[in-house]
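Okay, structure first, notes after.
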Amino acid sequence: MGYAQLVIGPAGSGKSTYCSSLYQHCETTRRTIHVVNLDPAAENFDYPVAMDIRELISLDDVMEELGLGPNGGLMYCMEHLEENLDDWLEEELENYLDDDYLVFDCPGQIELFTHVPVLRNFVEHLKRKNFNVCAVYLLDSQFMTDVTKYISGCMASLSAMIQLELPHVNILSKMDLVANKKDVEEYLNPEARVLLSALNQHMAPQFAKLNKALAELVDDYSMVSFIPLDLRKESSASA
C-alpha cells in the first residue's frame with residue numbers, strides 16, 4: 001500500500017511552503033517523501049519535484065493556444081489531467097514502491113475542492129491504485145481577523161471535507177506572521193454562544209436564524225477545527 005497526502009486550500013494559504021517545510025523535516029528525520037506538483041501555473045519550487053503536471057500540460061501553453069484567462073485555463077488543465085489519469089498518472093505512479101509517501105501540492109482554486117469533481121476523481125484513482133489518502137487543508141491565519149471570516153473559512157473547509165470524503169486535517173498557516181496570537185486563539189476552540197453573539201453583532205437582525213444555525217453546526221458536530229502551525233517553532237524543534 002502507498003500513502004498520499006493531498007495539500008489543498010485557497011490561493012496564498014502557504015501550501016507550497018508547507019510542502020517544502022514537510023520535505024525538509026522528513027530529510028532531517030531521515031524519512032523519505034516525494035512531493036508532486038499538481039499546479040500547472042507553478043514556476044518556482046523549494047523542494048525537489050518528483051512528478052510535475054507541467055510535463056503533461058502547462059497553464060501558459062493553454063492560455064496562449066486557447067486564449068483562455070488564468071481561471072478558465074487552470075480548469076482546462078485540471079480537466080485534461082482528469083482525462084489522462086489512466087495514462088500519464090498511471091505511468092508516473094509506476095516509479096514508486098508500495099510503501100512510498102507522496103505529497104500532492106495542489107492549485108489554490110477553491111472550486112477544485114468544493115464542487116468541481118476533478119480532485120475527487122483524482123483521489124478515487126489513487127485509491128484504486130491502493131493508496132491510502134488523507135487531506136490537509138490550509139487556511140491563512142491572517143484571514144482570521146473576525147468571526148465572519150472564521151465562519152467563511154469553516155464552511156469552505158467543511159465543503160472540501162464533504163466533497164473529498166477523506167481523513168482531513170485543517171491547519172492555520174503563517175502563524176509566525178500573526179502579531180497578536182490571542183486574536184486567533186479564540187477561534188481554535190470556539191463556543192457556540194460566543195460565536196453567535198459575535199455574529200449577531202457583525203450582521204443585520206434578519207440573519208439571526210442563519211447565524212444560530214451556523215454557530216450550532218460548527219459547535220455541535222465538531223467537524224471543523226484548526227491546528228495552528230508556526231514554522232519557526234518547527235524549525236527550532238528540528239534544530
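Letters for chains follow the order of the C-alpha cells (A, B, ...), residue numbers begin at 1 for each chain, and ligand numbers begin at 1 in the order shown.
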Residues of stretch 205-233 of chain A within 12 Å of stretch 14-34 of chain A: nearest atom pair and distance (Å, one decimal) for each, counting only C-alpha atoms, sorted by chain and number, as a Markdown table?
| residue | atom | partner | partner_atom | distance |
| --- | --- | --- | --- | --- |
| A:Leu229 | CA | A:Tyr18 | CA | 9.4 |
| A:Asp230 | CA | A:Tyr18 | CA | 10.4 |
| A:Leu231 | CA | A:Ser21 | CA | 7.7 |
| A:Arg232 | CA | A:Ser21 | CA | 10.4 |
| A:Lys233 | CA | A:Ser21 | CA | 11.7 |
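Neighbours of A:Phe226 closer than or equal to 7 Å, with only C-alpha atoms counted and sequence neighbours fewer than 4 positions away skipped, come out as A:Asn170, A:Ile171, A:Leu172, A:Leu188.
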Export of the given selection (N, CA, C and O atoms) as a JSON list (two decimals), in the first residue's frame:
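And here is the file that came out, out23.json:
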[["chain", "number", "residue", "atom", "x", "y", "z"],
["A", 170, "ASN", "N", -7.29, 20.30, 9.33],
["A", 170, "ASN", "CA", -7.30, 21.72, 8.99],
["A", 170, "ASN", "C", -6.16, 22.43, 9.73],
["A", 170, "ASN", "O", -6.03, 22.28, 10.95],
["A", 171, "ILE", "N", -5.37, 23.19, 8.99],
["A", 171, "ILE", "CA", -4.21, 23.87, 9.57],
["A", 171, "ILE", "C", -4.31, 25.37, 9.35],
["A", 171, "ILE", "O", -4.60, 25.82, 8.24],
["A", 172, "LEU", "N", -4.06, 26.13, 10.42],
["A", 172, "LEU", "CA", -3.92, 27.58, 10.30],
["A", 172, "LEU", "C", -2.45, 27.88, 10.01],
["A", 172, "LEU", "O", -1.59, 27.69, 10.88],
["A", 188, "LEU", "N", -9.76, 28.74, 17.96],
["A", 188, "LEU", "CA", -9.28, 27.36, 17.93],
["A", 188, "LEU", "C", -10.26, 26.40, 18.61],
["A", 188, "LEU", "O", -10.46, 25.27, 18.15]]
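Of the listed residues A:Leu93, A:Cys134, A:Gly73, A:Asp52, the one whose atoms come nearest to A:Gln109 is A:Gly73, with distances taken using only C-alpha atoms.
With only C-alpha atoms as the basis for measurement, A:Phe143 is the residue among A:Tyr101, A:Tyr76, A:Phe143, A:Tyr96 that approaches A:Ser13 most closely.
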In Å, rounded to a single decimal, give me how far atom CA of A:Val133 is from atom CA of A:Glu185. 29.2 Å
Residues of stretch 105-124 of chain A that have any atom at most 12 Å from an atom of stretch 42-45 of chain A: could you tabulate them with the shortest-distance atom pair and the distance in Å to one decimal, using only C-alpha atoms, ordered by chain and increasing number, as JSON lines?
{"residue": "A:Asp105", "atom": "CA", "partner": "A:Ala42", "partner_atom": "CA", "distance": 9.9}
{"residue": "A:Cys106", "atom": "CA", "partner": "A:Ala42", "partner_atom": "CA", "distance": 9.8}
{"residue": "A:Pro107", "atom": "CA", "partner": "A:Ala42", "partner_atom": "CA", "distance": 8.5}
{"residue": "A:Gly108", "atom": "CA", "partner": "A:Ala42", "partner_atom": "CA", "distance": 10.7}
Write to file, as a PDB file, in the first residue's frame, the residues of the selection just made, with N, CA, C and O atoms.
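Writing done, so here's part-v1.pdb:
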ATOM      1  N   ASP A 105       0.982  18.778  -4.013  1.00  0.00           N
ATOM      2  CA  ASP A 105       0.842  20.226  -3.844  1.00  0.00           C
ATOM      3  C   ASP A 105      -0.175  20.719  -4.881  1.00  0.00           C
ATOM      4  O   ASP A 105       0.129  20.790  -6.076  1.00  0.00           O
ATOM      5  N   CYS A 106      -1.375  21.062  -4.437  1.00  0.00           N
ATOM      6  CA  CYS A 106      -2.498  21.328  -5.343  1.00  0.00           C
ATOM      7  C   CYS A 106      -2.669  22.812  -5.644  1.00  0.00           C
ATOM      8  O   CYS A 106      -2.217  23.671  -4.882  1.00  0.00           O
ATOM      9  N   PRO A 107      -3.352  23.141  -6.743  1.00  0.00           N
ATOM     10  CA  PRO A 107      -3.661  24.541  -7.057  1.00  0.00           C
ATOM     11  C   PRO A 107      -4.594  25.139  -6.004  1.00  0.00           C
ATOM     12  O   PRO A 107      -5.243  24.411  -5.244  1.00  0.00           O
ATOM     13  N   GLY A 108      -4.698  26.462  -5.998  1.00  0.00           N
ATOM     14  CA  GLY A 108      -5.487  27.140  -4.970  1.00  0.00           C
ATOM     15  C   GLY A 108      -6.898  27.525  -5.383  1.00  0.00           C
ATOM     16  O   GLY A 108      -7.587  28.165  -4.592  1.00  0.00           O
TER      17      GLY A 108
END
Using only C-alpha atoms, which protein or nucleic acid residues come within 10 Å of stretch 84-90 of chain A? Drop anything in the same chain fewer than 6 positions from it, and give the result as a ChimeraX atom specification. /A:51,53,55-56,78,121-122,125-126,129
Kindly export the residues of the current selection with C-alpha atoms, as an mmCIF file, in the first residue's frame.
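Final file, selection.cif:
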data_model
loop_
_atom_site.group_PDB
_atom_site.id
_atom_site.type_symbol
_atom_site.label_atom_id
_atom_site.label_comp_id
_atom_site.auth_asym_id
_atom_site.auth_seq_id
_atom_site.Cartn_x
_atom_site.Cartn_y
_atom_site.Cartn_z
ATOM 1 C CA MET A 51 6.214 14.466 -10.500
ATOM 2 C CA ILE A 53 1.752 18.186 -14.047
ATOM 3 C CA GLU A 55 5.118 17.747 -18.099
ATOM 4 C CA LEU A 56 1.570 16.893 -19.172
ATOM 5 C CA MET A 78 -7.137 20.070 -14.426
ATOM 6 C CA ASN A 121 -11.900 11.665 -9.188
ATOM 7 C CA PHE A 122 -8.137 12.051 -8.758
ATOM 8 C CA HIS A 125 -7.959 6.894 -8.890
ATOM 9 C CA LEU A 126 -5.263 6.872 -6.185
ATOM 10 C CA LYS A 129 -4.145 2.032 -7.093
#
Report the residues of chain A whose backbone DSSP state falls under strand (DSSP E or B), written as a PyMOL selection string. chain A and resi 2-8+34-37+49-52+101-105+131-140+168-173+226-228
For N, CA and C atoms, I'd like the residues from the last selection saved as an mmCIF file, in the first residue's frame.
data_model
loop_
_atom_site.group_PDB
_atom_site.id
_atom_site.type_symbol
_atom_site.label_atom_id
_atom_site.label_comp_id
_atom_site.auth_asym_id
_atom_site.auth_seq_id
_atom_site.Cartn_x
_atom_site.Cartn_y
_atom_site.Cartn_z
ATOM 1 N N GLY A 2 0.517 2.217 -0.870
ATOM 2 C CA GLY A 2 1.191 3.503 -0.868
ATOM 3 C C GLY A 2 0.422 4.499 -0.022
ATOM 4 N N TYR A 3 1.034 5.633 0.240
ATOM 5 C CA TYR A 3 0.400 6.666 1.069
ATOM 6 C C TYR A 3 0.480 8.006 0.348
ATOM 7 N N ALA A 4 -0.590 8.776 0.456
ATOM 8 C CA ALA A 4 -0.643 10.059 -0.242
ATOM 9 C C ALA A 4 -1.308 11.111 0.623
ATOM 10 N N GLN A 5 -0.806 12.317 0.515
ATOM 11 C CA GLN A 5 -1.360 13.468 1.234
ATOM 12 C C GLN A 5 -1.711 14.538 0.203
ATOM 13 N N LEU A 6 -2.963 14.967 0.225
ATOM 14 C CA LEU A 6 -3.442 15.994 -0.692
ATOM 15 C C LEU A 6 -3.423 17.324 0.045
ATOM 16 N N VAL A 7 -2.564 18.259 -0.383
ATOM 17 C CA VAL A 7 -2.432 19.554 0.286
ATOM 18 C C VAL A 7 -3.281 20.573 -0.476
ATOM 19 N N ILE A 8 -4.373 21.020 0.157
ATOM 20 C CA ILE A 8 -5.333 21.898 -0.501
ATOM 21 C C ILE A 8 -5.540 23.160 0.331
ATOM 22 N N HIS A 34 7.925 12.103 -1.328
ATOM 23 C CA HIS A 34 8.057 12.595 -2.692
ATOM 24 C C HIS A 34 6.966 13.639 -2.912
ATOM 25 N N VAL A 35 7.380 14.874 -3.247
ATOM 26 C CA VAL A 35 6.416 15.957 -3.410
ATOM 27 C C VAL A 35 6.065 16.099 -4.889
ATOM 28 N N VAL A 36 4.768 16.141 -5.159
ATOM 29 C CA VAL A 36 4.251 16.188 -6.528
ATOM 30 C C VAL A 36 3.604 17.544 -6.785
ATOM 31 N N ASN A 37 3.971 18.190 -7.867
ATOM 32 C CA ASN A 37 3.336 19.460 -8.232
ATOM 33 C C ASN A 37 2.107 19.205 -9.106
ATOM 34 N N VAL A 49 10.986 18.266 -7.145
ATOM 35 C CA VAL A 49 9.684 17.877 -7.697
ATOM 36 C C VAL A 49 9.776 16.445 -8.227
ATOM 37 N N ALA A 50 9.037 15.549 -7.595
ATOM 38 C CA ALA A 50 9.075 14.147 -8.001
ATOM 39 C C ALA A 50 8.249 13.897 -9.259
ATOM 40 N N MET A 51 7.093 14.532 -9.331
ATOM 41 C CA MET A 51 6.214 14.466 -10.500
ATOM 42 C C MET A 51 5.689 15.874 -10.736
ATOM 43 N N ASP A 52 5.463 16.222 -12.007
ATOM 44 C CA ASP A 52 5.078 17.596 -12.326
ATOM 45 C C ASP A 52 4.009 17.596 -13.406
ATOM 46 N N TYR A 101 5.598 7.470 0.116
ATOM 47 C CA TYR A 101 4.683 8.512 0.602
ATOM 48 C C TYR A 101 4.737 9.689 -0.373
ATOM 49 N N LEU A 102 3.604 9.989 -1.009
ATOM 50 C CA LEU A 102 3.513 11.082 -1.966
ATOM 51 C C LEU A 102 2.734 12.245 -1.363
ATOM 52 N N VAL A 103 3.239 13.460 -1.571
ATOM 53 C CA VAL A 103 2.563 14.669 -1.104
ATOM 54 C C VAL A 103 2.209 15.502 -2.337
ATOM 55 N N PHE A 104 0.916 15.731 -2.568
ATOM 56 C CA PHE A 104 0.453 16.434 -3.759
ATOM 57 C C PHE A 104 0.182 17.905 -3.427
ATOM 58 N N ASP A 105 0.982 18.778 -4.013
ATOM 59 C CA ASP A 105 0.842 20.226 -3.844
ATOM 60 C C ASP A 105 -0.175 20.719 -4.881
ATOM 61 N N PHE A 131 -3.618 3.328 -2.806
ATOM 62 C CA PHE A 131 -3.035 4.384 -1.994
ATOM 63 C C PHE A 131 -3.995 4.741 -0.860
ATOM 64 N N ASN A 132 -3.437 4.904 0.319
ATOM 65 C CA ASN A 132 -4.197 5.392 1.469
ATOM 66 C C ASN A 132 -4.041 6.912 1.480
ATOM 67 N N VAL A 133 -5.139 7.667 1.303
ATOM 68 C CA VAL A 133 -5.065 9.111 1.055
ATOM 69 C C VAL A 133 -5.670 9.906 2.206
ATOM 70 N N CYS A 134 -5.032 11.024 2.548
ATOM 71 C CA CYS A 134 -5.596 11.978 3.506
ATOM 72 C C CYS A 134 -5.499 13.374 2.908
ATOM 73 N N ALA A 135 -6.232 14.311 3.481
ATOM 74 C CA ALA A 135 -6.221 15.696 3.001
ATOM 75 C C ALA A 135 -5.740 16.628 4.104
ATOM 76 N N VAL A 136 -4.938 17.612 3.718
ATOM 77 C CA VAL A 136 -4.510 18.675 4.629
ATOM 78 C C VAL A 136 -4.998 19.987 4.032
ATOM 79 N N TYR A 137 -5.889 20.656 4.765
ATOM 80 C CA TYR A 137 -6.480 21.912 4.292
ATOM 81 C C TYR A 137 -5.819 23.069 5.023
ATOM 82 N N LEU A 138 -5.194 23.984 4.268
ATOM 83 C CA LEU A 138 -4.511 25.128 4.871
ATOM 84 C C LEU A 138 -5.342 26.395 4.712
ATOM 85 N N LEU A 139 -5.386 27.171 5.784
ATOM 86 C CA LEU A 139 -6.049 28.475 5.761
ATOM 87 C C LEU A 139 -5.117 29.484 6.410
ATOM 88 N N ASP A 140 -4.902 30.601 5.740
ATOM 89 C CA ASP A 140 -4.014 31.656 6.241
ATOM 90 C C ASP A 140 -4.555 32.193 7.566
ATOM 91 N N HIS A 168 -9.074 14.087 7.320
ATOM 92 C CA HIS A 168 -8.889 15.504 6.991
ATOM 93 C C HIS A 168 -8.342 16.263 8.202
ATOM 94 N N VAL A 169 -7.321 17.080 7.952
ATOM 95 C CA VAL A 169 -6.765 17.932 8.994
ATOM 96 C C VAL A 169 -6.791 19.372 8.497
ATOM 97 N N ASN A 170 -7.289 20.301 9.327
ATOM 98 C CA ASN A 170 -7.299 21.725 8.994
ATOM 99 C C ASN A 170 -6.163 22.433 9.732
ATOM 100 N N ILE A 171 -5.367 23.193 8.991
ATOM 101 C CA ILE A 171 -4.207 23.867 9.566
ATOM 102 C C ILE A 171 -4.312 25.368 9.347
ATOM 103 N N LEU A 172 -4.063 26.134 10.418
ATOM 104 C CA LEU A 172 -3.923 27.582 10.297
ATOM 105 C C LEU A 172 -2.451 27.875 10.008
ATOM 106 N N SER A 173 -2.169 28.304 8.790
ATOM 107 C CA SER A 173 -0.792 28.543 8.384
ATOM 108 C C SER A 173 -0.356 29.979 8.693
ATOM 109 N N PHE A 226 -9.234 23.847 13.771
ATOM 110 C CA PHE A 226 -7.973 24.223 13.137
ATOM 111 C C PHE A 226 -6.804 24.028 14.086
ATOM 112 N N ILE A 227 -5.688 23.547 13.530
ATOM 113 C CA ILE A 227 -4.451 23.380 14.276
ATOM 114 C C ILE A 227 -3.483 24.468 13.831
ATOM 115 N N PRO A 228 -2.983 25.301 14.733
ATOM 116 C CA PRO A 228 -2.056 26.367 14.332
ATOM 117 C C PRO A 228 -0.680 25.811 13.988
#
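The space between atom CA of A:Val147 and atom CA of A:Ala179 spans 17.6 Å.
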Can you list every residue in stretch 103-201 of chain A that DSSP puts in helix (DSSP H, G or I), as number ranges by chain? A: 110-113, 118-128, 141-143, 147-164, 175-177, 182-185, 192-201
Selected residues written out, N, CA and C atoms, as a short mmCIF file (atom, residue, chain, number, x, y, z; two decimals), in the first residue's frame:
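The resulting file, selection_11.cif, is reproduced below:
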data_model
loop_
_atom_site.label_atom_id
_atom_site.label_comp_id
_atom_site.auth_asym_id
_atom_site.auth_seq_id
_atom_site.Cartn_x
_atom_site.Cartn_y
_atom_site.Cartn_z
N ILE A 110 -10.48 27.42 -5.35
CA ILE A 110 -11.30 26.79 -4.32
C ILE A 110 -12.35 25.85 -4.91
N GLU A 111 -12.79 26.11 -6.15
CA GLU A 111 -13.82 25.25 -6.73
C GLU A 111 -13.33 23.83 -6.96
N LEU A 112 -12.00 23.64 -7.05
CA LEU A 112 -11.45 22.31 -7.28
C LEU A 112 -11.74 21.36 -6.13
N PHE A 113 -11.86 21.90 -4.92
CA PHE A 113 -12.10 21.00 -3.78
C PHE A 113 -13.40 21.33 -3.05
N VAL A 118 -12.98 17.18 -10.14
CA VAL A 118 -11.66 16.78 -10.63
C VAL A 118 -10.81 16.12 -9.53
N LEU A 119 -10.64 16.80 -8.39
CA LEU A 119 -9.80 16.24 -7.33
C LEU A 119 -10.44 15.01 -6.69
N ARG A 120 -11.75 15.00 -6.62
CA ARG A 120 -12.42 13.82 -6.08
C ARG A 120 -12.12 12.59 -6.96
N ASN A 121 -12.21 12.77 -8.27
CA ASN A 121 -11.90 11.66 -9.19
C ASN A 121 -10.42 11.30 -9.13
N PHE A 122 -9.57 12.30 -8.92
CA PHE A 122 -8.14 12.05 -8.76
C PHE A 122 -7.89 11.17 -7.52
N VAL A 123 -8.56 11.51 -6.44
CA VAL A 123 -8.44 10.73 -5.20
C VAL A 123 -8.93 9.31 -5.41
N GLU A 124 -10.06 9.16 -6.07
CA GLU A 124 -10.62 7.82 -6.32
C GLU A 124 -9.64 6.97 -7.14
N HIS A 125 -8.95 7.61 -8.09
CA HIS A 125 -7.96 6.89 -8.89
C HIS A 125 -6.81 6.41 -8.00
N LEU A 126 -6.33 7.28 -7.10
CA LEU A 126 -5.26 6.87 -6.18
C LEU A 126 -5.71 5.71 -5.31
N LYS A 127 -6.94 5.75 -4.86
CA LYS A 127 -7.45 4.66 -4.01
C LYS A 127 -7.49 3.34 -4.78
N ARG A 128 -7.88 3.43 -6.04
CA ARG A 128 -7.93 2.20 -6.86
C ARG A 128 -6.54 1.62 -7.06
N SER A 141 -3.76 32.12 8.63
CA SER A 141 -4.20 32.57 9.95
C SER A 141 -4.53 34.05 9.96
N GLN A 142 -3.92 34.82 9.05
CA GLN A 142 -4.21 36.26 8.99
C GLN A 142 -5.60 36.53 8.42
N PHE A 143 -6.21 35.47 7.86
CA PHE A 143 -7.59 35.56 7.40
C PHE A 143 -8.55 35.64 8.59
N VAL A 147 -15.11 37.14 13.26
CA VAL A 147 -15.93 35.92 13.31
C VAL A 147 -16.54 35.57 11.97
N THR A 148 -16.89 36.57 11.15
CA THR A 148 -17.50 36.27 9.85
C THR A 148 -16.50 35.56 8.94
N LYS A 149 -15.23 35.97 8.98
CA LYS A 149 -14.23 35.29 8.17
C LYS A 149 -13.94 33.89 8.70
N TYR A 150 -14.01 33.73 10.02
CA TYR A 150 -13.82 32.41 10.61
C TYR A 150 -14.91 31.46 10.12
N ILE A 151 -16.16 31.90 10.14
CA ILE A 151 -17.27 31.06 9.68
C ILE A 151 -17.10 30.74 8.20
N SER A 152 -16.69 31.74 7.40
CA SER A 152 -16.45 31.52 5.98
C SER A 152 -15.39 30.45 5.77
N GLY A 153 -14.30 30.53 6.54
CA GLY A 153 -13.24 29.53 6.45
C GLY A 153 -13.72 28.15 6.84
N CYS A 154 -14.54 28.08 7.88
CA CYS A 154 -15.10 26.80 8.32
C CYS A 154 -15.97 26.17 7.24
N MET A 155 -16.81 26.99 6.60
CA MET A 155 -17.71 26.46 5.58
C MET A 155 -16.95 25.97 4.35
N ALA A 156 -15.89 26.69 3.97
CA ALA A 156 -15.08 26.25 2.83
C ALA A 156 -14.38 24.93 3.16
N SER A 157 -13.86 24.82 4.38
CA SER A 157 -13.21 23.59 4.80
C SER A 157 -14.21 22.43 4.85
N LEU A 158 -15.38 22.70 5.40
CA LEU A 158 -16.42 21.66 5.50
C LEU A 158 -16.84 21.19 4.12
N SER A 159 -16.95 22.12 3.18
CA SER A 159 -17.30 21.77 1.81
C SER A 159 -16.26 20.84 1.20
N ALA A 160 -14.98 21.12 1.46
CA ALA A 160 -13.91 20.26 0.95
C ALA A 160 -13.98 18.88 1.60
N MET A 161 -14.27 18.84 2.89
CA MET A 161 -14.38 17.56 3.60
C MET A 161 -15.48 16.70 3.01
N ILE A 162 -16.61 17.33 2.70
CA ILE A 162 -17.76 16.60 2.15
C ILE A 162 -17.47 16.15 0.72
N GLN A 163 -16.82 17.03 -0.05
CA GLN A 163 -16.53 16.72 -1.46
C GLN A 163 -15.54 15.58 -1.60
N LEU A 164 -14.47 15.58 -0.79
CA LEU A 164 -13.40 14.62 -0.96
C LEU A 164 -13.59 13.35 -0.15
N MET A 175 1.28 31.26 11.11
CA MET A 175 1.10 31.74 12.48
C MET A 175 2.26 32.63 12.93
N ASP A 176 3.43 32.47 12.30
CA ASP A 176 4.58 33.30 12.65
C ASP A 176 4.38 34.76 12.25
N LEU A 177 3.38 35.02 11.38
CA LEU A 177 3.13 36.39 10.93
C LEU A 177 2.02 37.09 11.71
N LYS A 182 -3.60 36.06 20.45
CA LYS A 182 -4.91 35.93 21.10
C LYS A 182 -6.06 36.16 20.12
N ASP A 183 -5.81 36.95 19.07
CA ASP A 183 -6.84 37.19 18.07
C ASP A 183 -7.24 35.91 17.34
N VAL A 184 -6.29 34.98 17.25
CA VAL A 184 -6.53 33.72 16.55
C VAL A 184 -6.94 32.62 17.52
N GLU A 185 -6.35 32.61 18.71
CA GLU A 185 -6.57 31.52 19.67
C GLU A 185 -8.04 31.36 20.06
N ALA A 192 -20.29 27.93 20.95
CA ALA A 192 -21.39 28.34 20.08
C ALA A 192 -21.99 29.68 20.51
N ARG A 193 -22.17 29.87 21.81
CA ARG A 193 -22.81 31.10 22.29
C ARG A 193 -21.95 32.32 22.02
N VAL A 194 -20.62 32.13 22.09
CA VAL A 194 -19.69 33.23 21.82
C VAL A 194 -19.71 33.57 20.33
N LEU A 195 -19.68 32.51 19.49
CA LEU A 195 -19.75 32.71 18.04
C LEU A 195 -21.04 33.42 17.66
N LEU A 196 -22.14 32.96 18.24
CA LEU A 196 -23.44 33.53 17.90
C LEU A 196 -23.52 34.99 18.30
N SER A 197 -23.05 35.30 19.48
CA SER A 197 -23.06 36.69 19.95
C SER A 197 -22.24 37.59 19.03
N ALA A 198 -21.06 37.10 18.65
CA ALA A 198 -20.19 37.88 17.78
C ALA A 198 -20.79 38.05 16.39
N LEU A 199 -21.41 36.99 15.86
CA LEU A 199 -22.04 37.06 14.54
C LEU A 199 -23.18 38.07 14.54
N ASN A 200 -24.00 38.03 15.60
CA ASN A 200 -25.14 38.94 15.68
C ASN A 200 -24.70 40.40 15.78
N GLN A 201 -23.54 40.62 16.38
CA GLN A 201 -23.02 41.99 16.47
C GLN A 201 -22.55 42.49 15.11
#
